[in-house]
file upload39.tsv (TSV, C-alpha atoms)
chain	number	residue	atom	x	y	z
A	1	MET	CA	22.67	-48.42	11.56
A	2	LYS	CA	19.76	-47.87	9.24
A	3	ARG	CA	17.53	-47.20	12.25
A	4	SER	CA	19.97	-44.53	13.53
A	5	VAL	CA	19.99	-42.78	10.16
A	6	TRP	CA	16.21	-42.83	10.11
A	7	LEU	CA	16.04	-41.33	13.58
A	8	LEU	CA	18.47	-38.54	12.66
A	9	SER	CA	16.45	-37.77	9.55
A	10	ALA	CA	13.24	-37.71	11.57
A	11	LEU	CA	14.76	-35.34	14.12
A	12	PHE	CA	15.95	-33.05	11.32
A	13	VAL	CA	12.45	-32.97	9.81
A	14	MET	CA	10.91	-32.24	13.21
A	15	GLY	CA	13.41	-29.41	13.64
A	16	CYS	CA	12.27	-27.90	10.34
A	17	ILE	CA	8.62	-28.28	11.30
A	18	THR	CA	9.11	-26.51	14.64
A	19	GLY	CA	11.03	-23.67	13.01
A	20	CYS	CA	14.17	-24.31	15.09
A	21	ASN	CA	16.62	-24.75	12.22
A	22	GLU	CA	19.85	-23.04	11.35
A	23	LYS	CA	17.95	-20.31	9.49
A	24	GLY	CA	16.08	-19.22	12.61
A	25	VAL	CA	12.38	-18.50	13.01
A	26	LYS	CA	10.41	-17.58	9.89
A	27	ILE	CA	7.22	-15.52	10.23
A	28	GLY	CA	5.03	-14.50	7.30
A	29	VAL	CA	3.46	-11.09	6.71
A	30	SER	CA	0.53	-10.41	4.37
A	31	ALA	CA	0.14	-6.66	3.74
A	32	PRO	CA	-1.30	-4.28	1.10
A	33	ILE	CA	2.07	-3.07	-0.20
A	34	SER	CA	0.31	-1.95	-3.41
A	35	GLY	CA	-3.30	-1.16	-4.25
A	36	ASP	CA	-5.82	1.33	-2.91
A	37	ILE	CA	-4.54	1.38	0.70
A	38	ALA	CA	-0.82	1.02	-0.06
A	39	ALA	CA	-0.01	3.74	2.49
A	40	LEU	CA	-1.13	1.31	5.20
A	41	GLY	CA	0.99	-1.40	3.61
A	42	GLN	CA	4.04	0.83	3.95
A	43	SER	CA	3.18	1.46	7.62
A	44	THR	CA	2.93	-2.31	8.09
A	45	LYS	CA	6.28	-2.93	6.44
A	46	ASN	CA	7.96	-0.19	8.47
A	47	ALA	CA	6.67	-1.58	11.77
A	48	VAL	CA	7.74	-5.13	10.90
A	49	LEU	CA	11.23	-4.10	9.81
A	50	LEU	CA	11.69	-1.98	12.94
A	51	ALA	CA	10.68	-4.92	15.15
A	52	GLN	CA	12.89	-7.35	13.22
A	53	GLU	CA	15.89	-5.05	13.65
A	54	GLU	CA	15.22	-4.69	17.39
A	55	ILE	CA	14.73	-8.41	17.98
A	56	ASN	CA	17.80	-9.53	16.07
A	57	ALA	CA	19.95	-6.79	17.63
A	58	LYS	CA	19.25	-8.49	20.96
A	59	GLY	CA	20.26	-11.89	19.55
A	60	GLY	CA	16.84	-12.99	18.32
A	61	ILE	CA	13.99	-14.86	19.99
A	62	ASN	CA	14.68	-17.03	23.04
A	63	VAL	CA	13.32	-20.40	21.92
A	64	GLY	CA	13.69	-22.85	24.76
A	65	GLY	CA	16.95	-21.30	25.95
A	66	LYS	CA	18.49	-20.93	22.49
A	67	MET	CA	18.52	-17.55	20.73
A	68	GLN	CA	17.07	-17.79	17.22
A	69	LYS	CA	17.25	-15.00	14.66
A	70	VAL	CA	13.88	-14.06	13.20
A	71	THR	CA	13.10	-13.42	9.54
A	72	PHE	CA	9.84	-11.80	8.46
A	73	ILE	CA	8.78	-12.73	4.91
A	74	ILE	CA	6.66	-9.81	3.70
A	75	GLU	CA	4.28	-10.45	0.79
A	76	ASP	CA	1.98	-8.02	-1.08
A	77	ASP	CA	-1.73	-8.95	-0.99
A	78	GLU	CA	-2.68	-5.77	-2.94
A	79	ASN	CA	-5.71	-5.42	-0.63
A	80	LYS	CA	-7.46	-8.00	-2.80
A	81	PRO	CA	-8.96	-11.15	-1.25
A	82	GLU	CA	-7.85	-13.44	-4.07
A	83	ALA	CA	-4.27	-12.15	-3.79
A	84	ALA	CA	-4.36	-12.55	0.01
A	85	ALA	CA	-5.40	-16.19	-0.36
A	86	THR	CA	-2.44	-16.79	-2.69
A	87	VAL	CA	-0.08	-15.08	-0.23
A	88	PHE	CA	-1.28	-17.24	2.68
A	89	GLN	CA	-0.86	-20.42	0.62
A	90	LYS	CA	2.69	-19.42	-0.35
A	91	LEU	CA	3.75	-18.47	3.17
A	92	ILE	CA	2.42	-21.72	4.63
A	93	ASN	CA	3.25	-24.27	1.92
A	94	GLN	CA	6.35	-22.82	0.28
A	95	ASP	CA	8.04	-20.69	2.94
A	96	LYS	CA	7.04	-22.95	5.86
A	97	VAL	CA	6.43	-20.06	8.26
A	98	VAL	CA	5.44	-20.84	11.85
A	99	ALA	CA	2.91	-17.95	12.04
A	100	ILE	CA	1.47	-15.11	9.96
A	101	ILE	CA	0.98	-11.40	10.70
A	102	GLY	CA	-1.88	-9.97	8.63
A	103	SER	CA	-3.64	-8.96	6.73
A	104	GLN	CA	-4.81	-5.41	7.44
A	105	SER	CA	-8.21	-5.16	5.75
A	106	SER	CA	-11.02	-7.43	6.92
A	107	LYS	CA	-11.77	-8.67	3.41
A	108	CYS	CA	-8.19	-9.93	2.97
A	109	SER	CA	-8.04	-11.42	6.46
A	110	ASN	CA	-11.34	-13.15	5.81
A	111	ALA	CA	-9.75	-14.69	2.70
A	112	GLY	CA	-6.60	-15.82	4.51
A	113	ALA	CA	-8.03	-16.93	7.86
A	114	PRO	CA	-9.65	-20.19	6.65
A	115	ILE	CA	-6.33	-21.18	5.06
A	116	ALA	CA	-4.34	-20.52	8.25
A	117	GLU	CA	-6.99	-22.29	10.32
A	118	ALA	CA	-7.00	-25.39	8.12
A	119	ALA	CA	-3.19	-25.58	8.20
A	120	GLY	CA	-3.00	-25.02	11.97
A	121	ILE	CA	-0.79	-21.93	11.55
A	122	PRO	CA	-1.38	-19.05	14.03
A	123	GLN	CA	-2.49	-15.79	12.40
A	124	ILE	CA	-2.65	-12.38	14.07
A	125	SER	CA	-4.38	-9.64	12.10
A	126	PRO	CA	-3.29	-6.22	13.33
A	127	TRP	CA	-6.18	-4.13	12.05
A	128	SER	CA	-9.08	-6.31	10.79
A	129	THR	CA	-12.16	-5.45	12.85
A	130	ASN	CA	-14.85	-7.54	11.11
A	131	PRO	CA	-16.18	-10.28	13.50
A	132	ASN	CA	-16.01	-13.01	10.83
A	133	VAL	CA	-12.20	-12.90	10.77
A	134	THR	CA	-11.88	-14.86	14.03
A	135	SER	CA	-15.38	-16.34	14.41
A	136	GLY	CA	-15.34	-20.12	14.96
A	137	LYS	CA	-11.54	-20.36	14.59
A	138	GLN	CA	-8.86	-21.62	16.99
A	139	PHE	CA	-5.70	-20.31	15.29
A	140	VAL	CA	-6.84	-16.82	14.22
A	141	PHE	CA	-6.35	-13.75	16.44
A	142	ARG	CA	-6.34	-10.00	16.10
A	143	ALA	CA	-4.68	-7.12	17.97
A	144	CYS	CA	-7.58	-4.67	17.54
A	145	PHE	CA	-11.13	-4.25	18.82
A	146	ILE	CA	-14.03	-5.52	16.68
A	147	ASP	CA	-16.71	-3.65	14.73
A	148	PRO	CA	-19.67	-4.40	17.05
A	149	TYR	CA	-17.73	-2.63	19.80
A	150	GLN	CA	-16.53	0.19	17.53
A	151	GLY	CA	-20.00	0.69	16.05
A	152	LYS	CA	-21.50	1.00	19.50
A	153	VAL	CA	-18.79	3.47	20.57
A	154	VAL	CA	-19.26	5.78	17.58
A	155	ALA	CA	-23.07	5.61	17.78
A	156	GLY	CA	-22.91	6.51	21.46
A	157	PHE	CA	-20.51	9.37	20.72
A	158	ALA	CA	-22.82	10.73	18.01
A	159	ARG	CA	-25.83	10.58	20.33
A	160	ASP	CA	-24.27	11.73	23.62
A	161	LYS	CA	-21.41	14.05	22.68
A	162	MET	CA	-22.51	15.33	19.25
A	163	LYS	CA	-26.15	15.55	20.40
A	164	ALA	CA	-27.35	14.02	17.11
A	165	ALA	CA	-31.00	13.01	16.89
A	166	THR	CA	-30.75	11.91	13.24
A	167	ALA	CA	-27.95	10.30	11.25
A	168	ALA	CA	-27.15	9.18	7.72
A	169	VAL	CA	-24.58	6.62	6.54
A	170	LEU	CA	-22.64	6.27	3.27
A	171	TYR	CA	-20.48	3.13	2.96
A	172	ASP	CA	-18.69	0.77	0.54
A	173	VAL	CA	-21.03	-2.19	0.20
A	174	ALA	CA	-18.31	-4.35	-1.40
A	175	SER	CA	-16.05	-4.23	1.68
A	176	ASP	CA	-16.62	-6.46	4.74
A	177	TYR	CA	-15.24	-3.79	7.05
A	178	ASN	CA	-17.31	-0.85	5.77
A	179	LYS	CA	-20.53	-2.84	5.49
A	180	GLY	CA	-20.18	-4.46	8.89
A	181	ILE	CA	-19.59	-1.31	10.88
A	182	ALA	CA	-22.26	0.62	8.93
A	183	GLU	CA	-24.87	-1.95	9.95
A	184	VAL	CA	-23.77	-1.97	13.59
A	185	PHE	CA	-23.89	1.84	13.74
A	186	ARG	CA	-27.37	1.88	12.19
A	187	ASP	CA	-28.70	-0.59	14.77
A	188	GLU	CA	-26.97	0.94	17.78
A	189	PHE	CA	-27.96	4.51	16.85
A	190	ALA	CA	-31.59	3.40	16.58
A	191	LYS	CA	-31.41	1.47	19.87
A	192	SER	CA	-30.28	4.61	21.67
A	193	GLY	CA	-33.34	6.54	20.43
A	194	GLY	CA	-31.84	8.14	17.33
A	195	LYS	CA	-33.27	7.93	13.82
A	196	VAL	CA	-31.27	6.84	10.76
A	197	VAL	CA	-32.66	8.93	7.89
A	198	GLY	CA	-30.28	7.76	5.15
A	199	PHE	CA	-28.38	4.51	4.49
A	200	GLU	CA	-26.60	4.78	1.14
A	201	THR	CA	-23.99	2.57	-0.53
A	202	TYR	CA	-21.26	2.73	-3.18
A	203	ASN	CA	-18.72	0.28	-4.63
A	204	THR	CA	-14.94	0.14	-4.22
A	205	ASN	CA	-13.09	2.57	-6.57
A	206	ASP	CA	-16.18	4.76	-7.13
A	207	LYS	CA	-15.26	8.45	-7.22
A	208	ASP	CA	-18.59	10.21	-7.72
A	209	PHE	CA	-20.86	10.12	-4.67
A	210	SER	CA	-23.08	13.05	-5.61
A	211	ALA	CA	-26.24	10.98	-6.20
A	212	GLN	CA	-26.10	9.32	-2.78
A	213	LEU	CA	-25.11	12.54	-1.01
A	214	SER	CA	-27.94	14.45	-2.67
A	215	LYS	CA	-30.42	11.95	-1.23
A	216	ILE	CA	-28.78	12.25	2.19
A	217	LYS	CA	-28.89	16.06	1.98
A	218	GLY	CA	-32.62	15.88	1.41
A	219	ALA	CA	-33.01	13.95	4.67
A	220	THR	CA	-31.16	16.71	6.60
A	221	PRO	CA	-29.30	14.49	9.11
A	222	ASP	CA	-27.59	15.95	12.17
A	223	VAL	CA	-24.55	13.78	11.54
A	224	LEU	CA	-23.08	11.92	8.56
A	225	PHE	CA	-21.27	8.65	9.36
A	226	LEU	CA	-18.58	7.56	6.87
A	227	PRO	CA	-17.16	4.16	7.94
A	228	ASN	CA	-14.75	4.12	5.00
A	229	TYR	CA	-11.00	4.16	4.32
A	230	PHE	CA	-8.85	7.29	4.29
A	231	ASN	CA	-8.57	7.25	0.48
A	232	ASP	CA	-12.35	7.65	-0.06
A	233	VAL	CA	-13.39	9.89	2.84
A	234	PRO	CA	-11.84	13.21	1.64
A	235	LEU	CA	-13.68	13.02	-1.69
A	236	GLN	CA	-16.93	12.22	0.09
A	237	ILE	CA	-16.67	15.13	2.51
A	238	GLN	CA	-15.60	17.57	-0.20
A	239	GLN	CA	-18.52	16.55	-2.42
A	240	ALA	CA	-20.91	16.82	0.55
A	241	ARG	CA	-19.71	20.36	1.32
A	242	LYS	CA	-20.03	21.37	-2.35
A	243	LEU	CA	-23.66	20.27	-2.19
A	244	GLY	CA	-24.15	22.62	0.75
A	245	MET	CA	-24.25	19.99	3.50
A	246	THR	CA	-23.17	21.49	6.82
A	247	CYS	CA	-23.88	18.56	9.14
A	248	LYS	CA	-21.27	17.11	11.50
A	249	VAL	CA	-19.18	14.21	10.24
A	250	VAL	CA	-17.89	11.17	12.11
A	251	GLY	CA	-15.91	8.16	11.00
A	252	SER	CA	-14.13	4.99	12.08
A	253	ASP	CA	-10.58	3.66	12.36
A	254	GLY	CA	-10.22	3.39	8.58
A	255	TRP	CA	-9.59	7.15	8.63
A	256	ASP	CA	-6.29	6.87	10.47
A	257	ASN	CA	-3.66	7.83	7.94
A	258	GLN	CA	-2.01	11.20	7.22
A	259	GLU	CA	-3.21	10.95	3.60
A	260	LEU	CA	-6.68	11.78	4.96
A	261	ILE	CA	-5.57	15.27	5.94
A	262	LYS	CA	-3.33	15.78	2.91
A	263	MET	CA	-6.19	14.93	0.56
A	264	GLY	CA	-9.05	16.47	2.54
A	265	GLY	CA	-7.45	19.69	3.79
A	266	LYS	CA	-9.69	22.16	5.56
A	267	ASP	CA	-12.81	20.15	4.74
A	268	MET	CA	-11.68	17.58	7.32
A	269	GLU	CA	-11.57	20.15	10.15
A	270	GLY	CA	-13.88	19.40	13.07
A	271	ALA	CA	-14.58	15.79	12.10
A	272	TYR	CA	-14.18	12.93	14.60
A	273	PHE	CA	-13.32	9.25	14.31
A	274	THR	CA	-12.80	6.22	16.52
A	275	ASN	CA	-9.33	4.75	16.73
A	276	HIS	CA	-7.11	2.18	18.46
A	277	TYR	CA	-4.62	4.60	19.92
A	278	SER	CA	-3.58	8.21	20.08
A	279	PRO	CA	0.00	9.56	20.14
A	280	ASP	CA	-1.25	12.06	22.74
A	281	VAL	CA	-1.94	9.35	25.34
A	282	ASP	CA	0.78	9.28	28.02
A	283	ARG	CA	1.64	5.56	27.95
A	284	PRO	CA	5.34	4.50	28.17
A	285	ALA	CA	5.07	1.69	25.60
A	286	SER	CA	3.33	4.03	23.14
A	287	LYS	CA	5.82	6.84	23.63
A	288	ALA	CA	8.80	4.51	23.17
A	289	PHE	CA	7.42	3.04	19.93
A	290	ILE	CA	6.46	6.43	18.49
A	291	ALA	CA	9.93	7.84	19.22
A	292	LYS	CA	11.72	4.90	17.55
A	293	TYR	CA	9.38	4.80	14.54
A	294	THR	CA	9.48	8.53	13.79
A	295	LYS	CA	13.28	8.64	14.18
A	296	LYS	CA	13.84	5.70	11.80
A	297	PHE	CA	11.27	6.54	9.13
A	298	ASN	CA	10.71	10.30	9.59
A	299	SER	CA	7.01	9.57	9.41
A	300	GLN	CA	4.07	9.81	11.79
A	301	VAL	CA	2.73	6.61	13.32
A	302	ASP	CA	-0.73	5.45	12.31
A	303	ALA	CA	-2.86	2.75	13.95
A	304	ALA	CA	-1.88	0.15	11.35
A	305	ALA	CA	1.79	0.58	12.26
A	306	ALA	CA	1.17	0.52	16.02
A	307	LEU	CA	-1.10	-2.53	15.82
A	308	THR	CA	1.38	-4.35	13.54
A	309	TYR	CA	4.19	-3.67	16.02
A	310	ASP	CA	1.98	-5.03	18.81
A	311	SER	CA	1.11	-8.10	16.72
A	312	VAL	CA	4.79	-8.89	16.17
A	313	TYR	CA	5.63	-8.68	19.86
A	314	LEU	CA	2.50	-10.63	20.86
A	315	LEU	CA	3.84	-13.39	18.64
A	316	VAL	CA	7.42	-13.15	19.94
A	317	ASN	CA	6.12	-13.18	23.51
A	318	ALA	CA	4.08	-16.31	22.72
A	319	ILE	CA	7.03	-18.15	21.10
A	320	GLU	CA	9.25	-17.44	24.10
A	321	LYS	CA	6.50	-18.45	26.52
A	322	ALA	CA	5.89	-21.66	24.58
A	323	GLY	CA	9.62	-22.42	24.55
A	324	LYS	CA	9.42	-23.74	21.01
A	325	ALA	CA	8.50	-22.45	17.57
A	326	ASP	CA	5.74	-25.00	17.14
A	327	PRO	CA	2.51	-23.58	15.64
A	328	LYS	CA	0.17	-25.38	18.07
A	329	ALA	CA	2.25	-24.33	21.10
A	330	ILE	CA	2.39	-20.74	19.80
A	331	ARG	CA	-1.37	-20.76	19.34
A	332	ASP	CA	-1.91	-21.90	22.94
A	333	ALA	CA	0.50	-19.27	24.27
A	334	ILE	CA	-1.25	-16.43	22.37
A	335	ALA	CA	-4.65	-17.58	23.65
A	336	SER	CA	-3.44	-17.39	27.26
A	337	THR	CA	-1.87	-13.91	26.94
A	338	LYS	CA	-2.85	-11.55	29.75
A	339	ASN	CA	-2.10	-7.83	30.17
A	340	PHE	CA	0.45	-7.61	27.36
A	341	GLU	CA	1.62	-3.96	27.40
A	342	GLY	CA	1.68	-2.88	23.76
A	343	ALA	CA	1.97	0.41	21.91
A	344	THR	CA	-1.84	0.51	21.65
A	345	GLY	CA	-2.50	-0.41	25.29
A	346	ALA	CA	-2.94	-3.54	27.38
A	347	ILE	CA	-4.01	-6.66	25.45
A	348	SER	CA	-5.53	-9.84	26.94
A	349	PHE	CA	-7.23	-12.86	25.37
A	350	SER	CA	-9.87	-14.90	27.12
A	351	GLY	CA	-11.36	-17.74	25.13
A	352	SER	CA	-11.48	-16.23	21.66
A	353	GLY	CA	-9.23	-14.56	19.10
A	354	ASP	CA	-10.63	-11.13	20.01
A	355	PRO	CA	-8.72	-9.15	22.65
A	356	THR	CA	-10.21	-7.09	25.44
A	357	LYS	CA	-9.34	-3.48	24.55
A	358	GLY	CA	-10.66	0.06	24.72
A	359	ALA	CA	-11.01	2.75	22.03
A	360	VAL	CA	-10.20	6.43	21.68
A	361	ILE	CA	-11.99	9.27	19.90
A	362	ILE	CA	-9.82	11.46	17.66
A	363	ARG	CA	-10.73	15.02	16.58
A	364	ILE	CA	-9.23	16.70	13.50
A	365	SER	CA	-8.06	20.16	14.48
A	366	ASN	CA	-5.67	22.53	12.67
A	367	GLY	CA	-4.63	19.76	10.31
A	368	LYS	CA	-3.74	17.30	13.08
A	369	PHE	CA	-5.21	14.25	14.78
A	370	VAL	CA	-5.92	15.30	18.38
A	371	PHE	CA	-6.98	13.07	21.26
A	372	ASP	CA	-10.56	13.83	22.35
A	373	SER	CA	-11.56	11.08	24.79
A	374	ALA	CA	-11.09	7.43	25.74
A	375	VAL	CA	-13.76	4.71	25.91
A	376	ASN	CA	-13.22	1.49	27.87

call {"tool": "encode", "arguments": {"input": "upload39.tsv", "output": "structure tokens"}}
result
Amino acid sequence: MKRSVWLLSALFVMGCITGCNEKGVKIGVSAPISGDIAALGQSTKNAVLLAQEEINAKGGINVGGKMQKVTFIIEDDENKPEAAATVFQKLINQDKVVAIIGSQSSKCSNAGAPIAEAAGIPQISPWSTNPNVTSGKQFVFRACFIDPYQGKVVAGFARDKMKAATAAVLYDVASDYNKGIAEVFRDEFAKSGGKVVGFETYNTNDKDFSAQLSKIKGATPDVLFLPNYFNDVPLQIQQARKLGMTCKVVGSDGWDNQELIKMGGKDMEGAYFTNHYSPDVDRPASKAFIAKYTKKFNSQVDAAAALTYDSVYLLVNAIEKAGKADPKAIRDAIASTKNFEGATGAISFSGSGDPTKGAVIIRISNGKFVFDSAVN
């Protein structure tokens, strides 16, 4: 009798561990709901809630033939690494999630990834492009391209399409994302025969860039590269124009939020940036997501939302393929994903946490983000 009780207790514990309990599947989300990029946190939350509603409306996730409702536990990491680490610890140790979506910025994902890896909990970052996020890890994935690829794309665009012989860079030295892509651009631009005539830095929350921009102006670059977030870029371009700088401007995926245009206005016209997707691309999965998102939230889709939506369904697809909500089985199923048709394009993994994906170039024209070209 005692042995039977023990066995029942053990089976109940195993059920909790594998996430197949009466409460359904629990998935954690670490997002910058507050802080300097809170607009991206709201996009993240919107995409997660839309996906949760869709999944549960169909009965939930098919886990080994049994439909399980899914609950996403969304926590605010404030876009601060120390807060992200606390969020990851809570989601894993207190909430007992089977996987984590997030975070968005590379610095927060870099803080959370070692915790997920040590606990054996799969993590998918939607938007973190810094190589260190997944490097040397078995349980950490991302739904976006990485900075070495993005840096090469934007350097090639500046050289070939913008016909730039010289370039200058201004970036946030305290951010893994900004620093990483700035260095890749510098090296790739030089490799292609261009000359980097300015490489200036600032720190997070700085608002006055006039000293750095004055030095860059003196070097008279053909193009100014700003691999920074949407909340900093408008101020930087406006201050550059006030100094009389007329050079072309190019940026990276951190630009992709409507706040960029609201804050920057006409000074943003004619600038370009690399991105993960464009609403102008005629892809059924993209069109369907954009239509549902804009109808529900009356808001335009940014890359953070689209990549978060893809991350959620990559995870759901992996759980159903694994047939159980067991973290190790989910990890193996994500790693073997091939040609997953997401809102941002086809996603495949082959031996690492970094997917094989292309990029697009976006042009700012008449106050809108307009598709310019695709790079594969």

call {"tool": "atom_distance", "arguments": {"input": "upload39.tsv", "atom1": "CA of Ala219 (chain A)", "atom2": "CA of Val173 (chain A)"}}
result
20.6 Å

call {"tool": "atom_distance", "arguments": {"input": "upload39.tsv", "atom1": "CA of Asn178 (chain A)", "atom2": "CA of Asn228 (chain A)"}}
result
5.6 Å

call {"tool": "atom_distance", "arguments": {"input": "upload39.tsv", "atom1": "CA of Ala167 (chain A)", "atom2": "CA of Val223 (chain A)"}}
result
4.9 Å

call {"tool": "closest_residue", "arguments": {"input": "upload39.tsv", "among": "A:Leu224, A:Val48, A:Leu315, A:Ile361", "to": "Val98 (chain A)", "atoms": "only C-alpha atoms"}}
result
A:Leu315

call {"tool": "residues_around", "arguments": {"input": "upload39.tsv", "residues": "Ile115 (chain A)", "least_positions_apart": "4", "cutoff": "8 Å", "atoms": "all atoms listed in the file", "output": "list in words"}}
result
Ala85, Phe88, Gln89, Ala111 and Ala119 of chain A

call {"tool": "closest_residue", "arguments": {"input": "upload39.tsv", "among": "A:Thr134, A:Ser106, A:Asn203, A:Thr129", "to": "Asp147 (chain A)", "atoms": "only C-alpha atoms"}}
result
A:Thr129

call {"tool": "closest_residue", "arguments": {"input": "upload39.tsv", "among": "A:Ala84, A:Val250, A:Ile319, A:Ala285", "to": "Leu226 (chain A)", "atoms": "all atoms listed in the file"}}
result
A:Val250

call {"tool": "residues_around", "arguments": {"input": "upload39.tsv", "residues": "Gly151 (chain A)", "least_positions_apart": "5", "cutoff": "8 Å", "atoms": "all atoms listed in the file", "output": "PyMOL selection string"}}
result
chain A and resi 181-182+184-185+188

call {"tool": "residues_around", "arguments": {"input": "upload39.tsv", "residues": "region 327-344 of chain A", "least_positions_apart": "5", "cutoff": "8 Å", "atoms": "all atoms listed in the file", "output": "JSON, numbers by chain"}}
result
{"A": [18, 98, 99, 120, 121, 122, 138, 139, 276, 277, 283, 285, 286, 287, 289, 306, 307, 309, 310, 314, 315, 318, 319, 321, 322, 349, 350, 351, 352, 353]}

call {"tool": "residues_around", "arguments": {"input": "upload39.tsv", "residues": "region 57-62 of chain A", "least_positions_apart": "4", "cutoff": "10 Å", "atoms": "all atoms listed in the file", "output": "number ranges by chain"}}
result
A: 24-25, 51-53, 66-71, 316-317, 319-321, 323-325

call {"tool": "write_last_selection", "arguments": {"input": "upload39.tsv", "atoms": "C-alpha atoms", "output": "compact mmCIF listing (two decimals), in the frame of the given file"}}
result
# COMPACT_ATOMS: atom_id res chain seq x y z
CA GLY A 24 16.08 -19.22 12.61
CA VAL A 25 12.38 -18.50 13.01
CA ALA A 51 10.68 -4.92 15.15
CA GLN A 52 12.89 -7.35 13.22
CA GLU A 53 15.89 -5.05 13.65
CA LYS A 66 18.49 -20.93 22.49
CA MET A 67 18.52 -17.55 20.73
CA GLN A 68 17.07 -17.79 17.22
CA LYS A 69 17.25 -15.00 14.66
CA VAL A 70 13.88 -14.06 13.20
CA THR A 71 13.10 -13.42 9.54
CA VAL A 316 7.42 -13.15 19.94
CA ASN A 317 6.12 -13.18 23.51
CA ILE A 319 7.03 -18.15 21.10
CA GLU A 320 9.25 -17.44 24.10
CA LYS A 321 6.50 -18.45 26.52
CA GLY A 323 9.62 -22.42 24.55
CA LYS A 324 9.42 -23.74 21.01
CA ALA A 325 8.50 -22.45 17.57

call {"tool": "residues_around", "arguments": {"input": "upload39.tsv", "residues": "Gln212 (chain A)", "least_positions_apart": "2", "cutoff": "10 Å", "atoms": "only C-alpha atoms", "output": "list in words"}}
result
Val169, Leu170, Gly198, Phe199, Glu200, Thr201, Tyr202, Asp208, Phe209, Ser210, Ser214, Lys215, Ile216, Lys217 and Ala240 of chain A

call {"tool": "write_last_selection", "arguments": {"input": "upload39.tsv", "atoms": "C-alpha atoms", "output": "PDB file, in the frame of the given file"}}
result
ATOM      1  CA  VAL A 169     -24.580   6.620   6.540  1.00  0.00           C
ATOM      2  CA  LEU A 170     -22.640   6.270   3.270  1.00  0.00           C
ATOM      3  CA  GLY A 198     -30.280   7.760   5.150  1.00  0.00           C
ATOM      4  CA  PHE A 199     -28.380   4.510   4.490  1.00  0.00           C
ATOM      5  CA  GLU A 200     -26.600   4.780   1.140  1.00  0.00           C
ATOM      6  CA  THR A 201     -23.990   2.570  -0.530  1.00  0.00           C
ATOM      7  CA  TYR A 202     -21.260   2.730  -3.180  1.00  0.00           C
ATOM      8  CA  ASP A 208     -18.590  10.210  -7.720  1.00  0.00           C
ATOM      9  CA  PHE A 209     -20.860  10.120  -4.670  1.00  0.00           C
ATOM     10  CA  SER A 210     -23.080  13.050  -5.610  1.00  0.00           C
ATOM     11  CA  SER A 214     -27.940  14.450  -2.670  1.00  0.00           C
ATOM     12  CA  LYS A 215     -30.420  11.950  -1.230  1.00  0.00           C
ATOM     13  CA  ILE A 216     -28.780  12.250   2.190  1.00  0.00           C
ATOM     14  CA  LYS A 217     -28.890  16.060   1.980  1.00  0.00           C
ATOM     15  CA  ALA A 240     -20.910  16.820   0.550  1.00  0.00           C
TER      16      ALA A 240
END

call {"tool": "closest_residue", "arguments": {"input": "upload39.tsv", "among": "A:Lys242, A:Leu40, A:Gly112, A:Tyr293", "to": "Leu260 (chain A)", "atoms": "only C-alpha atoms"}}
result
A:Leu40

call {"tool": "closest_residue", "arguments": {"input": "upload39.tsv", "among": "A:Ala271, A:Ala113, A:Val375, A:Ala155", "to": "Pro131 (chain A)", "atoms": "all atoms listed in the file"}}
result
A:Ala113

call {"tool": "closest_atom_pairs", "arguments": {"input": "upload39.tsv", "of": "region 244-303 of chain A", "to": "region 174-177 of chain A", "cutoff": "12 Å", "atoms": "all atoms listed in the file", "output": "Markdown table"}}
result
| residue | atom | partner | partner_atom | distance |
| --- | --- | --- | --- | --- |
| A:Ser252 | CA | A:Tyr177 | CA | 10.2 |
| A:Asp253 | CA | A:Tyr177 | CA | 10.3 |
| A:Gly254 | CA | A:Tyr177 | CA | 8.9 |

call {"tool": "closest_residue", "arguments": {"input": "upload39.tsv", "among": "A:Ser105, A:Ser192, A:Ser128, A:Asn366", "to": "Ala143 (chain A)", "atoms": "all atoms listed in the file"}}
result
A:Ser128

call {"tool": "axis_aligned_box", "arguments": {"input": "upload39.tsv", "around": "region 149-153 of chain A", "padding_each_side": "6 Å", "output": "AutoDock Vina command-line options"}}
result
--center_x -19.0 --center_y 0.4 --center_z 18.3 --size_x 17.0 --size_y 18.1 --size_z 16.5
